Every structure is written in C-alpha cells, then in structure tokens.
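The structure appears below as structure tokens.
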Amino acid sequence: MDFSLDDEQRAIRDTARAFIRKEVVPLEHELLRRERAGQPGIERSELRELQLKARKFGFWGLATPTEHGGMDLPAIMQSLIWTEIGHTLVPFRFGGEADNILFYANAAQQEEYLKPTIEGERVSCFAITEPGAGSDAANIKLSARKDGDDWVLNGEKTFITNGNDADFAIVVAVTDKDKGVRGGGTTAFLVDRAMGWHSEFIATMGPGGPASLIFDNVRVPSRNILGELGQGFELGMKWIGKGRYLIPSHALGIGERALQMAVDYANTRVTFGKPIGENQAIQWMIADAETELEAARWLVLRAAWTVDQGEDPRHSSSMAKLYGAGMINRLVDRVMQIHGGMGYTRELPIERWYRQVRLLRIYEGTDEMQRLIISRDLLRGYTKIGGHLA
C-alpha cells in the first residue's frame, strides 16, 4: 500500500501551493484591514484577476472536462489542490468551473449558460433549499406550472450560495405534485435573473452571506429545462454529493495553516519565564489537533480515491465530511485558545476562521444527515464495516 504522491501529483500540488503562497496569501492583510473597517474584504474583480493569472500557469477548470478547456483532474488531485486553497484566508478558487449538473445542458444551453460560466462571464447559483426544505430536500414546494410553451414559477428558495451575485439560477421546482419529488415530479430550470426573480441578502455570523430567491409568477420557456422533465431531484442530489469530499479537503488546508500558527506561537510566546509550548496543556492541544488533522486527511483522500475508482462515494464522502467538519471546528477552537486574547481579535485570521468553519457542519448536508447516511448504509447492508478492505 503506497501512500506517497507520484511525480505528476507532486508537481501539480507544488505549483498550486506556490501560486497560493506568492499571489493570494499576501492579500490577507488588506482583506482583514478592510473587514475591520466594515468594507468588503475583497472585490469580485480582484478574485477574477487572480483566476486569470492562475490560468497562465495552466490552472483552469480543475474538474471541467478537457473538451470544455478544463484540466479534468482526478478527484484525489482536486482534493489536494483544495487543501492548498484552504491555506489562505482569501476566498479564492481557481477559475474555469461550472456546476457539475450544468454539463447536462443541451447544445443551445451550453452556448448560453455553460460556456460563459466556465469563462467567468456569467455567474450561476444552485437553488434547491427552501424555508421548509433544508435537510429534507424532498419537501420542496416551489412550483412550476405549465402555461403554453412556458412554465410559471412561484415560491421561495433560501440560503442560496452566490444568490446575491448570480445572473441565472439552476432552480429545482415541483412540476407534477402527484408524482412526488422522488417519483419524477420535479424538474430543474435555468432561470435568468432578467426573467423576474430577485434576491434578498441573508446576514450570517460568517463572511459574506447567502440569499433568499423570490419567484413571483416568473415565466421560464420550456427550452430552459435542464436535463429531462422530472429529473430535477436526481440532478439536485448529484449537485449536493459533488462537494462532500471537497469541503473537508478545504478544511484540511485551514487546519494545516492554523495549526502551524499555533506551533509558532507556542514556541515564541513566553509566560512565567518560558515558552508556553513547554506547558503540558498546550502540548496536548497541539497533539490532539495534529492527530485529528491526520485522521481527517486519510478519510478525505479515501473518499476521493473512491470517486476515482468509479465506485459509489456516498458512504466514504459522508464520513469525510462529518469528521472533517467537526475536526476543523475543534482545531480552530484550540488554536484560538493557544493564542489567548490575541486569537480573539480581528488582527489575526483565527477569529474569522472560527466563524467561517462553523458553517461546514451545516451546509451541503448537516452532521446529522451524514450520520443518517452512514448508519443507514450499515444497517441496510449497503456497505460493510471495514470498507473496501472488508
């Protein structure tokens, strides 16, 4: 069993690492200064400039198929790069991406939606969550009623990432109530903001914020159905499942950076005549953080490996997200404790991470939903204790 990276993996990882350290990390001081002044930490135009700069190094569309100009990297490689991205506080991501289900678009839709999204000319959001349908995605109510060659959408989506910036949304709506959500009664639509929906910002404890999307008799032509009529819930689950190993991959990067800060501080902060790192209480916090970080790393990489093997990744991805999200919350809490009062200030990134990582236990499947999936798989015999080595 070989746990090492091959030469190509290491070269790609190291190039991404060098870019993040040289081009992105130096922006953190200004980001924190702006946020302390009540300003946006970084503008979309600045992030776009970074993406175009990265494109010159060949980093464009990590998951995007080569026929669309992307790198089409294996899942393990994507995971490694997302860990490198996690090393910076700047909300950066490499460009050239699109929602995975947007590749179900037909030829005309690809020209109007997919290609401009990949090029960064358009901004999308995915909308399935509703006020009464979060973890229970099968309880969505937003309706789409056929009217001639159009569909009329009414209802509300909420907690939509990118909802304030998107110029079009991928909206899962109920098209046949009698069939039920899981029985083919929902459909995904490509809905331009110009068609009439509007967004309302939702303030949260973390940086940025999601939005509620309001649909009041919004008319959408039938040509804007994504995929097939009745395929909405299926596409929605494909979208949600895509990110479950990438979220803890990003958390690994945050954890590595934060833990290194704690180690450095413990070696230089002197109290009662000696570095605080000589105190057993601090040593144990660092030891626990490193152990949990390493455990999360292998859960994440195993989930990514499962994807690359063409196997069903739901069980391994749920374990990776459940443990990884909990791990990073515990780790950042320890790092703040080690830094004492300084860690609680907005001079350092720790306080911001403390608020940011709390979301990881909620979005794209709560801790409780991951536990449901993991236990159900075992109880119903879908998987065996011991995984692929069983």
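By convention in this document, the chains of the structure tokens carry letters A, B, ... by their order, each chain's residues are numbered from 1, and ligands are numbered from 1 in the order they are shown.
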
Spatial neighbours of Trp151 (chain A), 9 Å, only C-alpha atoms, chain gap at least 6 places, as a PyMOL selection string: chain A and resi 144-145+175+218-222

Write out as an MDAnalysis selection string all residues of region 57-267 of chain A that backbone DSSP assigns to strand (DSSP E or B). chainID A and resid 124:127 130 133 143:147 150:160 168:174 186:192 198:201 211:221 225:226

Counting only C-alpha atoms, what are the residues of region 79-168 of chain A within 12 Å of region 358-366 of chain A, and for each of them which pair of atoms is the nearest and at what distance in Å, to one decimal? Sort the table by chain and rising number, as JSON lines.
```
{"residue": "A:Phe126", "atom": "CA", "partner": "A:Glu364", "partner_atom": "CA", "distance": 11.5}
{"residue": "A:Ala127", "atom": "CA", "partner": "A:Glu364", "partner_atom": "CA", "distance": 11.9}
{"residue": "A:Ile128", "atom": "CA", "partner": "A:Glu364", "partner_atom": "CA", "distance": 10.9}
{"residue": "A:Thr129", "atom": "CA", "partner": "A:Glu364", "partner_atom": "CA", "distance": 9.9}
{"residue": "A:Gly134", "atom": "CA", "partner": "A:Gly365", "partner_atom": "CA", "distance": 8.7}
{"residue": "A:Ser135", "atom": "CA", "partner": "A:Gly365", "partner_atom": "CA", "distance": 6.5}
{"residue": "A:Asp136", "atom": "CA", "partner": "A:Gly365", "partner_atom": "CA", "distance": 9.9}
{"residue": "A:Ala137", "atom": "CA", "partner": "A:Gly365", "partner_atom": "CA", "distance": 10.1}
{"residue": "A:Phe159", "atom": "CA", "partner": "A:Tyr363", "partner_atom": "CA", "distance": 9.1}
{"residue": "A:Ile160", "atom": "CA", "partner": "A:Tyr363", "partner_atom": "CA", "distance": 10.1}
{"residue": "A:Thr161", "atom": "CA", "partner": "A:Tyr363", "partner_atom": "CA", "distance": 9.8}
```

Selection from above, C-alpha atoms, as an mmCIF file, in the first residue's frame, can you write it?
```
data_model
loop_
_atom_site.group_PDB
_atom_site.id
_atom_site.type_symbol
_atom_site.label_atom_id
_atom_site.label_comp_id
_atom_site.auth_asym_id
_atom_site.auth_seq_id
_atom_site.Cartn_x
_atom_site.Cartn_y
_atom_site.Cartn_z
ATOM 1 C CA PHE A 126 -27.944 26.348 -7.479
ATOM 2 C CA ALA A 127 -31.323 26.635 -5.754
ATOM 3 C CA ILE A 128 -32.994 23.673 -4.074
ATOM 4 C CA THR A 129 -33.172 24.634 -0.353
ATOM 5 C CA GLY A 134 -33.329 22.074 4.118
ATOM 6 C CA SER A 135 -32.047 18.626 5.044
ATOM 7 C CA ASP A 136 -35.447 17.331 3.895
ATOM 8 C CA ALA A 137 -34.867 18.292 0.268
ATOM 9 C CA PHE A 159 -29.695 30.035 1.916
ATOM 10 C CA ILE A 160 -28.529 30.058 -1.685
ATOM 11 C CA THR A 161 -24.779 30.462 -2.132
#
```

Which residues come within 8 Å of region 14-24 of chain A, counting only C-alpha atoms, excluding same-chain residues fewer than 6 positions away, as an MDAnalysis selection string? chainID A and resid 50 54 59 81 84:85 87:88 90 92

Could you take the residues named above and write them with N, CA and C atoms, as a PDB file, in the first residue's frame?
```pdb
ATOM      1  N   LEU A  50      -7.008  37.273 -10.117  1.00  0.00           N
ATOM      2  CA  LEU A  50      -6.200  36.153  -9.644  1.00  0.00           C
ATOM      3  C   LEU A  50      -6.455  34.900 -10.475  1.00  0.00           C
ATOM      4  N   ALA A  54      -3.782  32.776 -12.661  1.00  0.00           N
ATOM      5  CA  ALA A  54      -3.561  31.339 -12.481  1.00  0.00           C
ATOM      6  C   ALA A  54      -3.725  30.587 -13.799  1.00  0.00           C
ATOM      7  N   PHE A  59      -3.743  26.530 -14.647  1.00  0.00           N
ATOM      8  CA  PHE A  59      -4.760  26.144 -13.672  1.00  0.00           C
ATOM      9  C   PHE A  59      -6.097  26.778 -14.055  1.00  0.00           C
ATOM     10  N   ILE A  81      -5.487  19.971  -4.259  1.00  0.00           N
ATOM     11  CA  ILE A  81      -5.440  21.393  -4.608  1.00  0.00           C
ATOM     12  C   ILE A  81      -6.370  22.195  -3.706  1.00  0.00           C
ATOM     13  N   GLU A  84      -4.654  23.041  -0.620  1.00  0.00           N
ATOM     14  CA  GLU A  84      -3.753  24.186  -0.785  1.00  0.00           C
ATOM     15  C   GLU A  84      -4.532  25.501  -0.756  1.00  0.00           C
ATOM     16  N   ILE A  85      -5.701  25.528  -1.374  1.00  0.00           N
ATOM     17  CA  ILE A  85      -6.531  26.730  -1.359  1.00  0.00           C
ATOM     18  C   ILE A  85      -6.931  27.081   0.070  1.00  0.00           C
ATOM     19  N   HIS A  87      -5.217  27.015   2.608  1.00  0.00           N
ATOM     20  CA  HIS A  87      -4.133  27.658   3.347  1.00  0.00           C
ATOM     21  C   HIS A  87      -4.269  29.170   3.395  1.00  0.00           C
ATOM     22  N   THR A  88      -5.138  29.736   2.562  1.00  0.00           N
ATOM     23  CA  THR A  88      -5.309  31.185   2.569  1.00  0.00           C
ATOM     24  C   THR A  88      -6.690  31.581   3.062  1.00  0.00           C
ATOM     25  N   VAL A  90      -8.144  34.247   1.996  1.00  0.00           N
ATOM     26  CA  VAL A  90      -8.821  34.866   0.852  1.00  0.00           C
ATOM     27  C   VAL A  90      -9.774  33.843   0.223  1.00  0.00           C
ATOM     28  N   PHE A  92     -10.579  32.473  -2.387  1.00  0.00           N
ATOM     29  CA  PHE A  92     -10.160  32.242  -3.769  1.00  0.00           C
ATOM     30  C   PHE A  92     -10.500  30.821  -4.207  1.00  0.00           C
TER      31      PHE A  92
END
```

Identify, on the basis of only C-alpha atoms, every residue whose closest approach to region 64-78 of chain A does not exceed 9 Å; exclude the query and any residue fewer than 5 positions from it along the same chain; express the result as number ranges by chain. A: 9, 12-13, 58-59, 83, 96-98, 100, 115, 118, 245-246, 249, 300-308

Output of the above residues as a tab-separated table (two decimals), in the first residue's frame, restricted to N, CA, C and O atoms:
```tsv
chain	number	residue	atom	x	y	z
A	9	GLN	N	1.59	14.20	-9.56
A	9	GLN	CA	0.75	14.73	-8.49
A	9	GLN	C	1.50	15.76	-7.66
A	9	GLN	O	0.98	16.83	-7.34
A	12	ILE	N	1.98	19.08	-9.68
A	12	ILE	CA	0.76	19.89	-9.76
A	12	ILE	C	0.45	20.51	-8.40
A	12	ILE	O	0.15	21.71	-8.30
A	13	ARG	N	0.55	19.71	-7.34
A	13	ARG	CA	0.29	20.21	-5.99
A	13	ARG	C	1.24	21.34	-5.64
A	13	ARG	O	0.83	22.38	-5.10
A	58	GLY	N	-1.73	27.42	-16.25
A	58	GLY	CA	-2.42	26.20	-16.65
A	58	GLY	C	-3.49	25.74	-15.70
A	58	GLY	O	-4.11	24.69	-15.93
A	59	PHE	N	-3.74	26.53	-14.65
A	59	PHE	CA	-4.76	26.14	-13.67
A	59	PHE	C	-6.10	26.78	-14.06
A	59	PHE	O	-6.38	27.93	-13.74
A	83	THR	N	-7.01	21.56	-0.70
A	83	THR	CA	-6.30	21.71	0.57
A	83	THR	C	-5.33	22.88	0.50
A	83	THR	O	-5.22	23.67	1.45
A	96	GLY	N	-12.68	28.72	-14.28
A	96	GLY	CA	-12.97	27.72	-15.31
A	96	GLY	C	-13.91	26.63	-14.87
A	96	GLY	O	-13.95	25.56	-15.49
A	97	GLU	N	-14.68	26.88	-13.82
A	97	GLU	CA	-15.58	25.86	-13.28
A	97	GLU	C	-17.04	26.19	-13.59
A	97	GLU	O	-17.40	27.33	-13.88
A	98	ALA	N	-17.87	25.18	-13.49
A	98	ALA	CA	-19.32	25.34	-13.59
A	98	ALA	C	-19.96	24.27	-12.73
A	98	ALA	O	-19.35	23.24	-12.43
A	100	ASN	N	-21.59	21.07	-11.59
A	100	ASN	CA	-21.43	19.79	-12.28
A	100	ASN	C	-22.66	19.40	-13.08
A	100	ASN	O	-22.56	18.81	-14.16
A	115	LYS	N	-20.82	27.57	-21.28
A	115	LYS	CA	-19.55	28.15	-21.72
A	115	LYS	C	-19.28	29.51	-21.10
A	115	LYS	O	-18.15	29.77	-20.63
A	118	ILE	N	-18.12	28.92	-17.50
A	118	ILE	CA	-16.74	28.44	-17.45
A	118	ILE	C	-15.76	29.58	-17.65
A	118	ILE	O	-14.73	29.68	-16.97
A	245	TYR	N	-16.61	15.66	-0.48
A	245	TYR	CA	-15.21	15.39	-0.14
A	245	TYR	C	-14.34	16.62	-0.36
A	245	TYR	O	-13.23	16.70	0.17
A	246	LEU	N	-14.85	17.60	-1.15
A	246	LEU	CA	-14.07	18.83	-1.37
A	246	LEU	C	-14.18	19.79	-0.19
A	246	LEU	O	-13.23	20.51	0.11
A	249	SER	N	-11.72	18.72	2.26
A	249	SER	CA	-10.40	18.95	1.66
A	249	SER	C	-9.95	20.38	1.94
A	249	SER	O	-8.80	20.63	2.32
A	300	VAL	N	-10.59	11.86	3.93
A	300	VAL	CA	-10.84	12.67	2.74
A	300	VAL	C	-10.22	12.02	1.50
A	300	VAL	O	-10.87	11.89	0.46
A	301	LEU	N	-8.96	11.61	1.62
A	301	LEU	CA	-8.29	11.02	0.46
A	301	LEU	C	-8.91	9.67	0.08
A	301	LEU	O	-8.97	9.32	-1.10
A	302	ARG	N	-9.39	8.95	1.08
A	302	ARG	CA	-10.07	7.70	0.74
A	302	ARG	C	-11.36	7.97	-0.03
A	302	ARG	O	-11.69	7.26	-0.99
A	303	ALA	N	-12.09	9.01	0.38
A	303	ALA	CA	-13.32	9.37	-0.34
A	303	ALA	C	-13.00	9.76	-1.78
A	303	ALA	O	-13.69	9.35	-2.72
A	304	ALA	N	-11.96	10.57	-1.96
A	304	ALA	CA	-11.56	10.97	-3.31
A	304	ALA	C	-11.10	9.76	-4.12
A	304	ALA	O	-11.42	9.63	-5.31
A	305	TRP	N	-10.36	8.85	-3.50
A	305	TRP	CA	-9.92	7.63	-4.16
A	305	TRP	C	-11.12	6.80	-4.62
A	305	TRP	O	-11.11	6.23	-5.72
A	306	THR	N	-12.15	6.75	-3.79
A	306	THR	CA	-13.36	6.00	-4.15
A	306	THR	C	-14.00	6.57	-5.41
A	306	THR	O	-14.45	5.83	-6.28
A	307	VAL	N	-14.02	7.91	-5.51
A	307	VAL	CA	-14.53	8.55	-6.71
A	307	VAL	C	-13.71	8.14	-7.93
A	307	VAL	O	-14.25	7.78	-8.98
A	308	ASP	N	-12.39	8.18	-7.79
A	308	ASP	CA	-11.51	7.84	-8.91
A	308	ASP	C	-11.63	6.38	-9.33
A	308	ASP	O	-11.33	6.04	-10.49
```

Per residue of region 124-226 of chain A within 12 Å of region 34-42 of chain A, which atom pair is closest and at what distance in Å (one decimal), using only C-alpha atoms, listed by chain and increasing number, as JSON lines?
```
{"residue": "A:Gly206", "atom": "CA", "partner": "A:Glu35", "partner_atom": "CA", "distance": 11.7}
{"residue": "A:Pro207", "atom": "CA", "partner": "A:Gly41", "partner_atom": "CA", "distance": 8.7}
{"residue": "A:Gly208", "atom": "CA", "partner": "A:Pro40", "partner_atom": "CA", "distance": 8.3}
{"residue": "A:Gly209", "atom": "CA", "partner": "A:Pro40", "partner_atom": "CA", "distance": 11.5}
```

So that I can check the surroundings of Met327 (chain A), please list as number ranges by chain every protein, DNA and RNA residue that reaches within 8 Å of it, counting only C-alpha atoms and ignoring chain neighbours fewer than 2 positions away. A: 292-293, 296, 323-325, 329-331

Keeping only N, CA, C and O atoms, write those residues as an mmCIF file, in the first residue's frame.
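Generated output (part32.cif):
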```
data_model
loop_
_atom_site.group_PDB
_atom_site.id
_atom_site.type_symbol
_atom_site.label_atom_id
_atom_site.label_comp_id
_atom_site.auth_asym_id
_atom_site.auth_seq_id
_atom_site.Cartn_x
_atom_site.Cartn_y
_atom_site.Cartn_z
ATOM 1 N N GLU A 292 -6.045 14.550 14.938
ATOM 2 C CA GLU A 292 -7.339 14.655 14.256
ATOM 3 C C GLU A 292 -7.168 15.137 12.825
ATOM 4 O O GLU A 292 -7.903 14.698 11.920
ATOM 5 N N LEU A 293 -6.236 16.020 12.601
ATOM 6 C CA LEU A 293 -5.981 16.523 11.250
ATOM 7 C C LEU A 293 -5.520 15.382 10.344
ATOM 8 O O LEU A 293 -5.978 15.255 9.200
ATOM 9 N N ALA A 296 -8.456 13.003 9.586
ATOM 10 C CA ALA A 296 -9.349 13.600 8.592
ATOM 11 C C ALA A 296 -8.733 13.518 7.195
ATOM 12 O O ALA A 296 -9.426 13.268 6.206
ATOM 13 N N TYR A 323 -16.535 13.925 9.773
ATOM 14 C CA TYR A 323 -15.365 14.023 10.645
ATOM 15 C C TYR A 323 -14.561 15.283 10.345
ATOM 16 O O TYR A 323 -14.088 15.965 11.268
ATOM 17 N N GLY A 324 -14.406 15.597 9.065
ATOM 18 C CA GLY A 324 -13.612 16.764 8.698
ATOM 19 C C GLY A 324 -14.206 18.064 9.207
ATOM 20 O O GLY A 324 -13.482 18.953 9.681
ATOM 21 N N ALA A 325 -15.532 18.194 9.143
ATOM 22 C CA ALA A 325 -16.187 19.418 9.617
ATOM 23 C C ALA A 325 -16.060 19.554 11.125
ATOM 24 O O ALA A 325 -15.812 20.647 11.653
ATOM 25 N N ASN A 329 -13.569 22.493 13.354
ATOM 26 C CA ASN A 329 -14.149 23.319 14.410
ATOM 27 C C ASN A 329 -13.385 23.154 15.715
ATOM 28 O O ASN A 329 -13.095 24.128 16.413
ATOM 29 N N ARG A 330 -13.043 21.921 16.049
ATOM 30 C CA ARG A 330 -12.285 21.681 17.276
ATOM 31 C C ARG A 330 -10.873 22.249 17.177
ATOM 32 O O ARG A 330 -10.344 22.832 18.136
ATOM 33 N N LEU A 331 -10.264 22.085 16.003
ATOM 34 C CA LEU A 331 -8.883 22.547 15.830
ATOM 35 C C LEU A 331 -8.788 24.064 15.937
ATOM 36 O O LEU A 331 -7.911 24.588 16.640
#
```

Counting only C-alpha atoms, figure out which residue out of A:Leu32, A:Ala266, A:Leu226, A:Leu235 gets nearest to Gly340 (chain A).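 Using only C-alpha atoms, Gly340 (chain A) sits closest to A:Ala266.
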